[in-house]
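Structure file query33.pdb (PDB, C-alpha atoms and all ligand atoms) is printed below.
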```pdb
ATOM      1  CA  VAL A   1       0.000   0.000   0.000  1.00  0.00           C
ATOM      2  CA  GLY A   2       1.374   3.377  -0.961  1.00  0.00           C
ATOM      3  CA  LYS A   3       0.224   6.604   0.621  1.00  0.00           C
ATOM      4  CA  PHE A   4       0.566  10.122  -0.690  1.00  0.00           C
ATOM      5  CA  ASN A   5       0.331  13.251   1.411  1.00  0.00           C
ATOM      6  CA  TRP A   6      -0.194  16.638  -0.155  1.00  0.00           C
ATOM      7  CA  HIS A   7       1.460  19.518   1.645  1.00  0.00           C
ATOM      8  CA  SER A   8       0.785  23.145   0.865  1.00  0.00           C
ATOM      9  CA  SER A   9       2.581  26.295   1.889  1.00  0.00           C
ATOM     10  CA  TYR A  10       0.559  29.457   1.608  1.00  0.00           C
ATOM     11  CA  SER A  11       2.296  32.677   0.685  1.00  0.00           C
ATOM     12  CA  GLN A  12       2.106  35.849   2.737  1.00  0.00           C
ATOM     13  CA  ARG A  13      -0.071  37.244  -0.059  1.00  0.00           C
ATOM     14  CA  ALA A  14      -2.915  34.772   0.588  1.00  0.00           C
ATOM     15  CA  ASN A  15      -6.099  36.618   1.447  1.00  0.00           C
ATOM     16  CA  VAL A  16      -7.931  36.150   4.727  1.00  0.00           C
ATOM     17  CA  ASN A  17     -11.037  33.997   4.138  1.00  0.00           C
ATOM     18  CA  ASP A  18      -9.553  32.364   1.003  1.00  0.00           C
ATOM     19  CA  TRP A  19     -10.106  28.668   1.279  1.00  0.00           C
ATOM     20  CA  PHE A  20      -8.415  25.628  -0.285  1.00  0.00           C
ATOM     21  CA  GLN A  21      -9.319  22.010  -0.799  1.00  0.00           C
ATOM     22  CA  GLN A  22      -7.706  18.996  -2.477  1.00  0.00           C
ATOM     23  CA  LYS A  23     -10.086  17.024  -4.664  1.00  0.00           C
ATOM     24  CA  PHE A  24      -9.489  13.751  -6.499  1.00  0.00           C
ATOM     25  CA  LEU A  25     -12.550  13.608  -8.708  1.00  0.00           C
ATOM     26  CA  TYR A  26     -11.885  11.077 -11.495  1.00  0.00           C
ATOM     27  CA  ASN A  27     -10.023   7.800 -11.676  1.00  0.00           C
ATOM     28  CA  TRP A  28      -8.263   8.919 -14.894  1.00  0.00           C
ATOM     29  CA  GLN A  29      -6.469  11.605 -12.894  1.00  0.00           C
ATOM     30  CA  ILE A  30      -4.085   8.889 -11.675  1.00  0.00           C
ATOM     31  CA  SER A  31      -2.299   6.516 -14.037  1.00  0.00           C
ATOM     32  CA  GLY A  32       0.213   3.818 -13.329  1.00  0.00           C
ATOM     33  CA  THR A  33       2.065   0.858 -14.787  1.00  0.00           C
ATOM     34  CA  GLY A  34       2.428  -2.586 -13.249  1.00  0.00           C
ATOM     35  CA  GLN A  35       6.111  -3.207 -12.450  1.00  0.00           C
ATOM     36  CA  SER A  36       6.085  -6.844 -13.627  1.00  0.00           C
ATOM     37  CA  THR A  37       3.571  -6.703 -16.425  1.00  0.00           C
ATOM     38  CA  GLN A  38       4.517  -3.244 -17.711  1.00  0.00           C
ATOM     39  CA  SER A  39       0.760  -2.852 -18.363  1.00  0.00           C
ATOM     40  CA  ALA A  40      -1.376   0.106 -17.407  1.00  0.00           C
ATOM     41  CA  VAL A  41      -3.274  -0.623 -14.174  1.00  0.00           C
ATOM     42  CA  SER A  42      -6.917   0.171 -13.590  1.00  0.00           C
ATOM     43  CA  VAL A  43      -7.585   2.833 -10.962  1.00  0.00           C
ATOM     44  CA  ALA A  44     -10.696   2.903  -8.759  1.00  0.00           C
ATOM     45  CA  GLY A  45     -11.899   4.891  -5.751  1.00  0.00           C
ATOM     46  CA  ALA A  46     -12.661   8.385  -7.083  1.00  0.00           C
ATOM     47  CA  PRO A  47     -14.099  10.738  -6.072  1.00  0.00           C
ATOM     48  CA  PHE A  48     -12.782  11.743  -2.682  1.00  0.00           C
ATOM     49  CA  LEU A  49     -12.256  15.163  -1.126  1.00  0.00           C
ATOM     50  CA  GLY A  50      -9.817  16.569   1.397  1.00  0.00           C
ATOM     51  CA  GLY A  51     -10.871  18.896   4.193  1.00  0.00           C
ATOM     52  CA  LEU A  52     -11.413  22.606   3.614  1.00  0.00           C
ATOM     53  CA  LYS A  53      -8.598  24.867   4.778  1.00  0.00           C
ATOM     54  CA  LYS A  54      -9.251  28.541   5.316  1.00  0.00           C
ATOM     55  CA  ILE A  55      -6.794  31.421   5.660  1.00  0.00           C
ATOM     56  CA  VAL A  56      -7.230  33.312   8.936  1.00  0.00           C
ATOM     57  CA  ALA A  57      -5.438  36.460   9.997  1.00  0.00           C
ATOM     58  CA  SER A  58      -2.687  35.987  12.554  1.00  0.00           C
ATOM     59  CA  GLY A  59      -3.987  36.979  15.975  1.00  0.00           C
ATOM     60  CA  SER A  60      -7.611  37.335  14.842  1.00  0.00           C
ATOM     61  CA  PRO A  61      -9.314  33.972  15.345  1.00  0.00           C
ATOM     62  CA  GLY A  62     -12.979  33.206  14.829  1.00  0.00           C
ATOM     63  CA  SER A  63     -15.876  34.247  16.991  1.00  0.00           C
ATOM     64  CA  LEU A  64     -18.838  32.759  18.834  1.00  0.00           C
ATOM     65  CA  THR A  65     -21.976  34.733  19.650  1.00  0.00           C
ATOM     66  CA  ILE A  66     -24.544  33.325  22.091  1.00  0.00           C
ATOM     67  CA  SER A  67     -28.030  34.817  22.318  1.00  0.00           C
ATOM     68  CA  ALA A  68     -31.539  33.800  23.345  1.00  0.00           C
ATOM     69  CA  GLY A  69     -33.090  31.347  20.893  1.00  0.00           C
ATOM     70  CA  GLY A  70     -35.868  32.501  18.576  1.00  0.00           C
ATOM     71  CA  SER A  71     -38.274  29.904  20.019  1.00  0.00           C
ATOM     72  CA  ASN A  72     -37.375  30.226  23.681  1.00  0.00           C
ATOM     73  CA  PRO A  73     -40.148  28.705  25.841  1.00  0.00           C
ATOM     74  CA  VAL A  74     -42.443  31.451  27.181  1.00  0.00           C
ATOM     75  CA  THR A  75     -43.836  32.034  30.700  1.00  0.00           C
ATOM     76  CA  ARG A  76     -46.355  29.241  31.226  1.00  0.00           C
ATOM     77  CA  ASN A  77     -47.906  26.625  33.482  1.00  0.00           C
ATOM     78  CA  VAL A  78     -46.527  23.110  33.335  1.00  0.00           C
ATOM     79  CA  ALA A  79     -48.134  19.983  34.775  1.00  0.00           C
ATOM     80  CA  VAL A  80     -46.634  18.527  37.936  1.00  0.00           C
ATOM     81  CA  GLY A  81     -44.436  15.582  36.937  1.00  0.00           C
ATOM     82  CA  GLN A  82     -44.054  16.790  33.326  1.00  0.00           C
ATOM     83  CA  LYS A  83     -41.245  15.039  31.402  1.00  0.00           C
ATOM     84  CA  ASP A  84     -39.214  16.284  28.400  1.00  0.00           C
ATOM     85  CA  GLU A  85     -40.089  19.937  29.095  1.00  0.00           C
ATOM     86  CA  GLY A  86     -38.123  22.401  26.955  1.00  0.00           C
ATOM     87  CA  MET A  87     -36.980  25.088  29.419  1.00  0.00           C
ATOM     88  CA  PHE A  88     -34.395  27.299  27.756  1.00  0.00           C
ATOM     89  CA  GLN A  89     -33.156  27.757  24.203  1.00  0.00           C
ATOM     90  CA  VAL A  90     -29.932  29.490  23.187  1.00  0.00           C
ATOM     91  CA  LYS A  91     -28.545  30.257  19.727  1.00  0.00           C
ATOM     92  CA  LEU A  92     -24.820  29.685  19.136  1.00  0.00           C
ATOM     93  CA  GLN A  93     -23.542  31.512  16.045  1.00  0.00           C
ATOM     94  CA  ALA A  94     -20.033  30.991  14.647  1.00  0.00           C
ATOM     95  CA  GLY A  95     -18.347  33.848  12.787  1.00  0.00           C
ATOM     96  CA  SER A  96     -17.285  33.414   9.172  1.00  0.00           C
ATOM     97  CA  THR A  97     -13.574  32.910   9.902  1.00  0.00           C
ATOM     98  CA  GLU A  98     -13.434  29.360  11.204  1.00  0.00           C
ATOM     99  CA  HIS A  99     -15.381  26.519  12.818  1.00  0.00           C
ATOM    100  CA  ILE A 100     -15.809  26.807  16.605  1.00  0.00           C
ATOM    101  CA  ASP A 101     -15.352  23.711  18.792  1.00  0.00           C
ATOM    102  CA  ILE A 102     -17.153  23.773  22.148  1.00  0.00           C
ATOM    103  CA  SER A 103     -15.917  21.486  24.935  1.00  0.00           C
ATOM    104  CA  SER A 104     -18.029  22.718  27.871  1.00  0.00           C
ATOM    105  CA  ILE A 105     -21.068  24.878  28.588  1.00  0.00           C
ATOM    106  CA  THR A 106     -22.666  25.701  31.947  1.00  0.00           C
ATOM    107  CA  PHE A 107     -26.187  26.921  32.680  1.00  0.00           C
ATOM    108  CA  LYS A 108     -27.699  28.002  36.020  1.00  0.00           C
ATOM    109  CA  MET A 109     -31.060  26.967  37.458  1.00  0.00           C
ATOM    110  CA  ASN A 110     -33.232  29.457  39.291  1.00  0.00           C
ATOM    111  CA  GLY A 111     -36.759  29.823  40.710  1.00  0.00           C
ATOM    112  CA  SER A 112     -38.710  29.196  43.913  1.00  0.00           C
ATOM    113  CA  GLY A 113     -38.889  25.429  43.414  1.00  0.00           C
ATOM    114  CA  ASP A 114     -36.311  23.178  45.067  1.00  0.00           C
ATOM    115  CA  GLU A 115     -34.664  21.473  42.102  1.00  0.00           C
ATOM    116  CA  SER A 116     -33.099  18.855  44.400  1.00  0.00           C
ATOM    117  CA  SER A 117     -36.521  17.318  45.041  1.00  0.00           C
ATOM    118  CA  ASP A 118     -38.574  18.584  42.085  1.00  0.00           C
ATOM    119  CA  LEU A 119     -36.382  17.438  39.170  1.00  0.00           C
ATOM    120  CA  ASP A 120     -35.530  13.891  38.151  1.00  0.00           C
ATOM    121  CA  SER A 121     -32.957  14.990  35.566  1.00  0.00           C
ATOM    122  CA  VAL A 122     -31.784  17.704  33.179  1.00  0.00           C
ATOM    123  CA  ARG A 123     -30.515  17.165  29.622  1.00  0.00           C
ATOM    124  CA  LEU A 124     -29.100  19.362  26.872  1.00  0.00           C
ATOM    125  CA  TYR A 125     -30.075  18.895  23.217  1.00  0.00           C
ATOM    126  CA  GLN A 126     -29.232  20.316  19.856  1.00  0.00           C
ATOM    127  CA  ASP A 127     -32.707  21.589  18.943  1.00  0.00           C
ATOM    128  CA  VAL A 128     -32.312  20.556  15.305  1.00  0.00           C
ATOM    129  CA  ASP A 129     -35.638  21.980  14.088  1.00  0.00           C
ATOM    130  CA  GLY A 130     -35.263  25.016  16.376  1.00  0.00           C
ATOM    131  CA  ASP A 131     -38.824  24.857  17.712  1.00  0.00           C
ATOM    132  CA  GLY A 132     -37.995  25.077  21.434  1.00  0.00           C
ATOM    133  CA  LEU A 133     -39.558  21.653  21.993  1.00  0.00           C
ATOM    134  CA  LEU A 134     -37.934  18.250  22.422  1.00  0.00           C
ATOM    135  CA  ASP A 135     -38.736  16.100  19.381  1.00  0.00           C
ATOM    136  CA  ALA A 136     -37.458  12.847  17.917  1.00  0.00           C
ATOM    137  CA  GLY A 137     -34.930  14.568  15.622  1.00  0.00           C
ATOM    138  CA  ASP A 138     -33.194  16.534  18.370  1.00  0.00           C
ATOM    139  CA  ILE A 139     -29.746  15.293  19.413  1.00  0.00           C
ATOM    140  CA  GLN A 140     -28.599  15.004  23.022  1.00  0.00           C
ATOM    141  CA  ILE A 141     -25.370  16.816  23.909  1.00  0.00           C
ATOM    142  CA  GLY A 142     -23.321  15.462  26.809  1.00  0.00           C
ATOM    143  CA  SER A 143     -24.608  13.494  29.765  1.00  0.00           C
ATOM    144  CA  THR A 144     -27.943  13.427  31.595  1.00  0.00           C
ATOM    145  CA  LEU A 145     -27.553  15.353  34.877  1.00  0.00           C
ATOM    146  CA  THR A 146     -29.124  13.899  38.047  1.00  0.00           C
ATOM    147  CA  GLY A 147     -28.641  14.378  41.809  1.00  0.00           C
ATOM    148  CA  LEU A 148     -29.076  18.140  41.491  1.00  0.00           C
ATOM    149  CA  SER A 149     -29.074  20.785  44.224  1.00  0.00           C
ATOM    150  CA  ASP A 150     -31.435  23.756  44.625  1.00  0.00           C
ATOM    151  CA  ASN A 151     -30.478  26.480  42.087  1.00  0.00           C
ATOM    152  CA  ASP A 152     -27.636  24.220  40.905  1.00  0.00           C
ATOM    153  CA  SER A 153     -25.261  24.914  38.043  1.00  0.00           C
ATOM    154  CA  LEU A 154     -25.776  22.649  35.025  1.00  0.00           C
ATOM    155  CA  VAL A 155     -22.316  21.715  33.759  1.00  0.00           C
ATOM    156  CA  PHE A 156     -22.218  19.934  30.410  1.00  0.00           C
ATOM    157  CA  GLY A 157     -18.485  19.219  30.225  1.00  0.00           C
ATOM    158  CA  GLY A 158     -16.451  16.824  28.113  1.00  0.00           C
ATOM    159  CA  ILE A 159     -18.523  17.581  25.038  1.00  0.00           C
ATOM    160  CA  ASN A 160     -17.182  17.957  21.494  1.00  0.00           C
ATOM    161  CA  GLU A 161     -19.586  20.113  19.505  1.00  0.00           C
ATOM    162  CA  ARG A 162     -18.598  21.980  16.348  1.00  0.00           C
ATOM    163  CA  ILE A 163     -20.438  25.084  15.149  1.00  0.00           C
ATOM    164  CA  VAL A 164     -19.609  25.349  11.433  1.00  0.00           C
ATOM    165  CA  TRP A 165     -18.250  28.751  10.352  1.00  0.00           C
ATOM    166  CA  GLY A 166     -20.969  31.166   9.323  1.00  0.00           C
ATOM    167  CA  ASN A 167     -23.677  28.884  10.733  1.00  0.00           C
ATOM    168  CA  TYR A 168     -25.561  28.567  13.988  1.00  0.00           C
ATOM    169  CA  GLU A 169     -27.147  25.889  16.157  1.00  0.00           C
ATOM    170  CA  THR A 170     -29.920  26.196  18.717  1.00  0.00           C
ATOM    171  CA  TRP A 171     -29.470  24.257  21.945  1.00  0.00           C
ATOM    172  CA  LEU A 172     -32.258  23.385  24.369  1.00  0.00           C
ATOM    173  CA  VAL A 173     -32.144  22.647  28.119  1.00  0.00           C
ATOM    174  CA  VAL A 174     -34.795  20.037  28.994  1.00  0.00           C
ATOM    175  CA  TYR A 175     -36.212  19.163  32.434  1.00  0.00           C
ATOM    176  CA  ASP A 176     -37.815  15.941  33.643  1.00  0.00           C
ATOM    177  CA  PHE A 177     -39.923  17.067  36.622  1.00  0.00           C
ATOM    178  CA  ALA A 178     -40.375  14.601  39.497  1.00  0.00           C
ATOM    179  CA  ASP A 179     -43.831  13.146  40.056  1.00  0.00           C
ATOM    180  CA  GLY A 180     -45.941  14.845  42.730  1.00  0.00           C
ATOM    181  CA  GLN A 181     -43.404  17.600  43.543  1.00  0.00           C
ATOM    182  CA  GLY A 182     -43.303  21.389  43.389  1.00  0.00           C
ATOM    183  CA  GLU A 183     -46.898  22.436  42.746  1.00  0.00           C
ATOM    184  CA  GLY A 184     -47.157  26.237  42.605  1.00  0.00           C
ATOM    185  CA  ASP A 185     -43.398  26.741  42.397  1.00  0.00           C
ATOM    186  CA  THR A 186     -41.432  28.402  39.602  1.00  0.00           C
ATOM    187  CA  TYR A 187     -38.442  27.230  37.545  1.00  0.00           C
ATOM    188  CA  ARG A 188     -36.205  28.850  34.990  1.00  0.00           C
ATOM    189  CA  VAL A 189     -32.748  28.509  33.448  1.00  0.00           C
ATOM    190  CA  GLU A 190     -30.110  31.184  32.859  1.00  0.00           C
ATOM    191  CA  PHE A 191     -26.876  31.475  30.912  1.00  0.00           C
ATOM    192  CA  GLN A 192     -24.623  33.688  32.976  1.00  0.00           C
ATOM    193  CA  GLY A 193     -22.175  34.918  30.393  1.00  0.00           C
ATOM    194  CA  SER A 194     -19.030  34.173  28.445  1.00  0.00           C
ATOM    195  CA  ALA A 195     -17.145  32.590  31.345  1.00  0.00           C
ATOM    196  CA  ASN A 196     -19.610  29.680  31.110  1.00  0.00           C
ATOM    197  CA  VAL A 197     -18.550  28.338  27.737  1.00  0.00           C
ATOM    198  CA  THR A 198     -15.201  26.827  26.699  1.00  0.00           C
ATOM    199  CA  ALA A 199     -14.501  27.068  22.971  1.00  0.00           C
ATOM    200  CA  VAL A 200     -11.546  27.038  20.574  1.00  0.00           C
ATOM    201  CA  GLY A 201     -11.189  27.982  16.925  1.00  0.00           C
ATOM    202  CA  ALA A 202     -10.860  24.793  14.893  1.00  0.00           C
ATOM    203  CA  THR A 203      -8.189  26.273  12.586  1.00  0.00           C
ATOM    204  CA  SER A 204      -6.435  28.800  14.798  1.00  0.00           C
ATOM    205  CA  GLY A 205      -6.489  26.666  17.953  1.00  0.00           C
ATOM    206  CA  SER A 206      -7.105  29.905  19.847  1.00  0.00           C
ATOM    207  CA  ASN A 207      -9.371  30.076  22.884  1.00  0.00           C
ATOM    208  CA  ILE A 208     -12.570  31.868  21.890  1.00  0.00           C
ATOM    209  CA  THR A 209     -14.319  34.226  24.305  1.00  0.00           C
ATOM    210  CA  ALA A 210     -17.991  34.177  23.402  1.00  0.00           C
ATOM    211  CA  THR A 211     -19.974  37.361  22.912  1.00  0.00           C
ATOM    212  CA  VAL A 212     -23.180  37.191  24.982  1.00  0.00           C
ATOM    213  CA  ASP A 213     -26.015  39.747  24.976  1.00  0.00           C
ATOM    214  CA  ASN A 214     -25.498  41.795  28.196  1.00  0.00           C
ATOM    215  CA  ASP A 215     -23.382  38.811  29.323  1.00  0.00           C
ATOM    216  CA  LEU A 216     -26.614  37.287  30.708  1.00  0.00           C
ATOM    217  CA  ILE A 217     -29.552  35.444  29.117  1.00  0.00           C
ATOM    218  CA  ILE A 218     -32.547  34.575  31.295  1.00  0.00           C
ATOM    219  CA  GLY A 219     -35.259  32.086  30.384  1.00  0.00           C
ATOM    220  CA  SER A 220     -38.959  32.430  31.206  1.00  0.00           C
ATOM    221  CA  TYR A 221     -40.581  30.945  34.286  1.00  0.00           C
ATOM    222  CA  ALA A 222     -42.445  27.674  34.167  1.00  0.00           C
ATOM    223  CA  THR A 223     -44.911  27.313  37.062  1.00  0.00           C
ATOM    224  CA  LEU A 224     -45.916  23.808  38.126  1.00  0.00           C
ATOM    225  CA  SER A 225     -49.628  23.214  38.485  1.00  0.00           C
ATOM    226  CA  THR A 226     -51.932  20.255  38.762  1.00  0.00           C
ATOM    227  CA  MET A 227     -53.482  20.699  35.364  1.00  0.00           C
ATOM    228  CA  TRP A 228     -56.272  18.194  35.611  1.00  0.00           C
ATOM    229  CA  ALA A 229     -58.564  16.828  38.321  1.00  0.00           C
ATOM    230  CA  VAL A 230     -61.227  14.144  38.161  1.00  0.00           C
ATOM    231  CA  TRP A 231     -64.559  14.820  39.912  1.00  0.00           C
ATOM    232  CA  PRO A 232     -67.809  12.844  40.041  1.00  0.00           C
ATOM    233  CA  TRP A 233     -69.221  15.296  37.479  1.00  0.00           C
ATOM    234  CA  GLY A 234     -66.267  14.962  35.065  1.00  0.00           C
ATOM    235  CA  TRP A 235     -62.829  16.353  34.354  1.00  0.00           C
ATOM    236  CA  GLU A 236     -61.781  19.831  35.306  1.00  0.00           C
ATOM    237  CA  MET A 237     -58.718  21.732  34.231  1.00  0.00           C
ATOM    238  CA  ILE A 238     -57.130  23.556  37.161  1.00  0.00           C
ATOM    239  CA  ILE A 239     -54.955  26.582  36.622  1.00  0.00           C
ATOM    240  CA  ARG A 240     -53.044  27.771  39.675  1.00  0.00           C
ATOM    241  CA  TYR A 241     -51.316  31.046  39.108  1.00  0.00           C
ATOM    242  CA  PRO A 242     -50.176  32.490  41.402  1.00  0.00           C
ATOM    243  CA  LYS A 243     -50.219  29.962  44.251  1.00  0.00           C
ATOM    244  CA  LYS A 244     -53.345  31.154  46.045  1.00  0.00           C
ATOM    245  CA  LEU A 245     -55.637  31.635  43.070  1.00  0.00           C
ATOM    246  CA  ARG A 246     -57.305  28.503  41.793  1.00  0.00           C
ATOM    247  CA  LEU A 247     -59.472  28.625  38.727  1.00  0.00           C
ATOM    248  CA  MET A 248     -61.427  25.543  37.676  1.00  0.00           C
ATOM    249  CA  LEU A 249     -62.655  25.213  34.122  1.00  0.00           C
ATOM    250  CA  PRO A 250     -65.151  22.408  33.440  1.00  0.00           C
ATOM    251  CA  VAL A 251     -64.212  20.338  30.398  1.00  0.00           C
ATOM    252  CA  ARG A 252     -67.097  18.478  28.787  1.00  0.00           C
TER     253      ARG A 252
HETATM  254 CA    CA B   1     -34.730  26.810  43.091  1.00  0.00          CA
HETATM  255 CA    CA B   2     -37.041  20.504  18.583  1.00  0.00          CA
END
```

What would you get if you wrote out this structure as structure tokens?
Ligand SMILES: [Ca+2]
Ligand SMILES: [Ca+2]
Amino acid sequence: VGKFNWHSSYSQRANVNDWFQQKFLYNWQISGTGQSTQSAVSVAGAPFLGGLKKIVASGSPGSLTISAGGSNPVTRNVAVGQKDEGMFQVKLQAGSTEHIDISSITFKMNGSGDESSDLDSVRLYQDVDGDGLLDAGDIQIGSTLTGLSDNDSLVFGGINERIVWGNYETWLVVYDFADGQGEGDTYRVEFQGSANVTAVGATSGSNITATVDNDLIIGSYATLSTMWAVWPWGWEMIIRYPKKLRLMLPVR
């Protein structure tokens, strides 16, 4: 087996944002002769492509901008014991210079509810369709967090997520509420600024300090309520907001 490596040196006159790629598109682009037979050999395997390389300015690596997602869950009531509840959506936008690789991101829980008793687990997803809801096509990022404390930090470390240059992803924090816990209490998630994300430029290798709106993004409150009750005369939907006010709507 023979292997060929292509090496390129780029001149000082290369322009920032120029990009380069090696492509082997057709089998006829390589020809050879068998050493014993002296016959032309057949070549197979095309096409294949090398990775894109992009020229970046020395000392000016790429960028990462984090903002509230366009479909961030709104202030609302959520049923006690609700699972797979989308709580907080952020948008991660890479600049046009280079891909951005994220190895850790940390969120912060807040609200009157005691997350140590009221949550079974918290997960982070790439919200592929960007709708602020957990659906089948969304992709989990990092590990499921359990054994949480009240107002705990949510550390998704040891991850390896690439935001492609010039593109963005939306990420979604998802709660599994514990059964029978937290009625009337509130819950929300925050992203407390650039110190809470670890990122490097994929080409430059430089540490990237994210740009965050006001260095703080705050999600909306979800309030837990017992949404439904069964009575001898039928079902009733119960809305409790705030704690003391209880409104019962007959559902026929
Ligand atoms: Ca709390
Ligand atoms: Ca989704």

Might you spell out which residues the PyMOL selection byres (((chain A and resi 186) around 6) and not hetatm) would select in the displayed file, as a PDB file with C-alpha atoms, in the frame of the given file?
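Now in expr-v2.pdb:
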```
ATOM      1  CA  GLY A 111     -36.759  29.823  40.710  1.00  0.00           C
ATOM      2  CA  SER A 112     -38.710  29.196  43.913  1.00  0.00           C
ATOM      3  CA  GLY A 113     -38.889  25.429  43.414  1.00  0.00           C
ATOM      4  CA  ASP A 185     -43.398  26.741  42.397  1.00  0.00           C
ATOM      5  CA  TYR A 187     -38.442  27.230  37.545  1.00  0.00           C
ATOM      6  CA  TYR A 221     -40.581  30.945  34.286  1.00  0.00           C
ATOM      7  CA  ALA A 222     -42.445  27.674  34.167  1.00  0.00           C
ATOM      8  CA  THR A 223     -44.911  27.313  37.062  1.00  0.00           C
TER       9      THR A 223
END
```

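The residues caught by the PyMOL selection byres (((chain A and resi 120) around 10) and not hetatm) in this file are Gly81, Lys83, Glu115, Ser116, Ser117, Asp118, Leu119, Ser121, Val122, Leu145, Thr146, Gly147, Leu148, Tyr175, Asp176, Phe177, Ala178 and Asp179 of chain A.
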
Writer output for current selection, C-alpha atoms, as a PDB file, keeping the file's coordinate frame:
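Full text of selection_10.pdb as output:
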```pdb
ATOM      1  CA  GLY A  81     -44.436  15.582  36.937  1.00  0.00           C
ATOM      2  CA  LYS A  83     -41.245  15.039  31.402  1.00  0.00           C
ATOM      3  CA  GLU A 115     -34.664  21.473  42.102  1.00  0.00           C
ATOM      4  CA  SER A 116     -33.099  18.855  44.400  1.00  0.00           C
ATOM      5  CA  SER A 117     -36.521  17.318  45.041  1.00  0.00           C
ATOM      6  CA  ASP A 118     -38.574  18.584  42.085  1.00  0.00           C
ATOM      7  CA  LEU A 119     -36.382  17.438  39.170  1.00  0.00           C
ATOM      8  CA  SER A 121     -32.957  14.990  35.566  1.00  0.00           C
ATOM      9  CA  VAL A 122     -31.784  17.704  33.179  1.00  0.00           C
ATOM     10  CA  LEU A 145     -27.553  15.353  34.877  1.00  0.00           C
ATOM     11  CA  THR A 146     -29.124  13.899  38.047  1.00  0.00           C
ATOM     12  CA  GLY A 147     -28.641  14.378  41.809  1.00  0.00           C
ATOM     13  CA  LEU A 148     -29.076  18.140  41.491  1.00  0.00           C
ATOM     14  CA  TYR A 175     -36.212  19.163  32.434  1.00  0.00           C
ATOM     15  CA  ASP A 176     -37.815  15.941  33.643  1.00  0.00           C
ATOM     16  CA  PHE A 177     -39.923  17.067  36.622  1.00  0.00           C
ATOM     17  CA  ALA A 178     -40.375  14.601  39.497  1.00  0.00           C
ATOM     18  CA  ASP A 179     -43.831  13.146  40.056  1.00  0.00           C
TER      19      ASP A 179
END
```

Each residue of chain A with at least one atom at most 12 Å from ligand CA 2 (chain B) should appear once, together with its nearest atom pair and the corresponding distance in Å (one decimal); atoms considered: all atoms listed in the file; ordering: chain, then increasing residue number; output as JSON lines.
```
{"residue": "A:Gly69", "atom": "CA", "partner": "B:CA2", "partner_atom": "CA", "distance": 11.8}
{"residue": "A:Ser71", "atom": "CA", "partner": "B:CA2", "partner_atom": "CA", "distance": 9.6}
{"residue": "A:Asn72", "atom": "CA", "partner": "B:CA2", "partner_atom": "CA", "distance": 11.0}
{"residue": "A:Pro73", "atom": "CA", "partner": "B:CA2", "partner_atom": "CA", "distance": 11.4}
{"residue": "A:Asp84", "atom": "CA", "partner": "B:CA2", "partner_atom": "CA", "distance": 10.9}
{"residue": "A:Glu85", "atom": "CA", "partner": "B:CA2", "partner_atom": "CA", "distance": 11.0}
{"residue": "A:Gly86", "atom": "CA", "partner": "B:CA2", "partner_atom": "CA", "distance": 8.7}
{"residue": "A:Met87", "atom": "CA", "partner": "B:CA2", "partner_atom": "CA", "distance": 11.8}
{"residue": "A:Phe88", "atom": "CA", "partner": "B:CA2", "partner_atom": "CA", "distance": 11.7}
{"residue": "A:Gln89", "atom": "CA", "partner": "B:CA2", "partner_atom": "CA", "distance": 10.0}
{"residue": "A:Leu124", "atom": "CA", "partner": "B:CA2", "partner_atom": "CA", "distance": 11.5}
{"residue": "A:Tyr125", "atom": "CA", "partner": "B:CA2", "partner_atom": "CA", "distance": 8.5}
{"residue": "A:Gln126", "atom": "CA", "partner": "B:CA2", "partner_atom": "CA", "distance": 7.9}
{"residue": "A:Asp127", "atom": "CA", "partner": "B:CA2", "partner_atom": "CA", "distance": 4.5}
{"residue": "A:Val128", "atom": "CA", "partner": "B:CA2", "partner_atom": "CA", "distance": 5.8}
{"residue": "A:Asp129", "atom": "CA", "partner": "B:CA2", "partner_atom": "CA", "distance": 4.9}
{"residue": "A:Gly130", "atom": "CA", "partner": "B:CA2", "partner_atom": "CA", "distance": 5.3}
{"residue": "A:Asp131", "atom": "CA", "partner": "B:CA2", "partner_atom": "CA", "distance": 4.8}
{"residue": "A:Gly132", "atom": "CA", "partner": "B:CA2", "partner_atom": "CA", "distance": 5.5}
{"residue": "A:Leu133", "atom": "CA", "partner": "B:CA2", "partner_atom": "CA", "distance": 4.4}
{"residue": "A:Leu134", "atom": "CA", "partner": "B:CA2", "partner_atom": "CA", "distance": 4.5}
{"residue": "A:Asp135", "atom": "CA", "partner": "B:CA2", "partner_atom": "CA", "distance": 4.8}
{"residue": "A:Ala136", "atom": "CA", "partner": "B:CA2", "partner_atom": "CA", "distance": 7.7}
{"residue": "A:Gly137", "atom": "CA", "partner": "B:CA2", "partner_atom": "CA", "distance": 7.0}
{"residue": "A:Asp138", "atom": "CA", "partner": "B:CA2", "partner_atom": "CA", "distance": 5.5}
{"residue": "A:Ile139", "atom": "CA", "partner": "B:CA2", "partner_atom": "CA", "distance": 9.0}
{"residue": "A:Gln140", "atom": "CA", "partner": "B:CA2", "partner_atom": "CA", "distance": 11.0}
{"residue": "A:Glu169", "atom": "CA", "partner": "B:CA2", "partner_atom": "CA", "distance": 11.5}
{"residue": "A:Thr170", "atom": "CA", "partner": "B:CA2", "partner_atom": "CA", "distance": 9.1}
{"residue": "A:Trp171", "atom": "CA", "partner": "B:CA2", "partner_atom": "CA", "distance": 9.1}
{"residue": "A:Leu172", "atom": "CA", "partner": "B:CA2", "partner_atom": "CA", "distance": 8.0}
{"residue": "A:Val173", "atom": "CA", "partner": "B:CA2", "partner_atom": "CA", "distance": 10.9}
{"residue": "A:Val174", "atom": "CA", "partner": "B:CA2", "partner_atom": "CA", "distance": 10.7}
```

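The coordinates place CA of Gly166 in chain A at 25.1 Å from CA of Ile218 in chain A.
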
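Taking CA of Asn214 in chain A and CA of Ser67 in chain A as the two end points, the separation is 9.5 Å.
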
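Here CA of Ser104 in chain A and CA of Arg76 in chain A stand 29.3 Å from one another.
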
- Apply the PyMOL selection byres (((chain A and resi 211) around 9) and not hetatm) to the displayed file and report the matching residues as a PyMOL selection string. chain A and resi 63-67+193-194+209-210+212-215
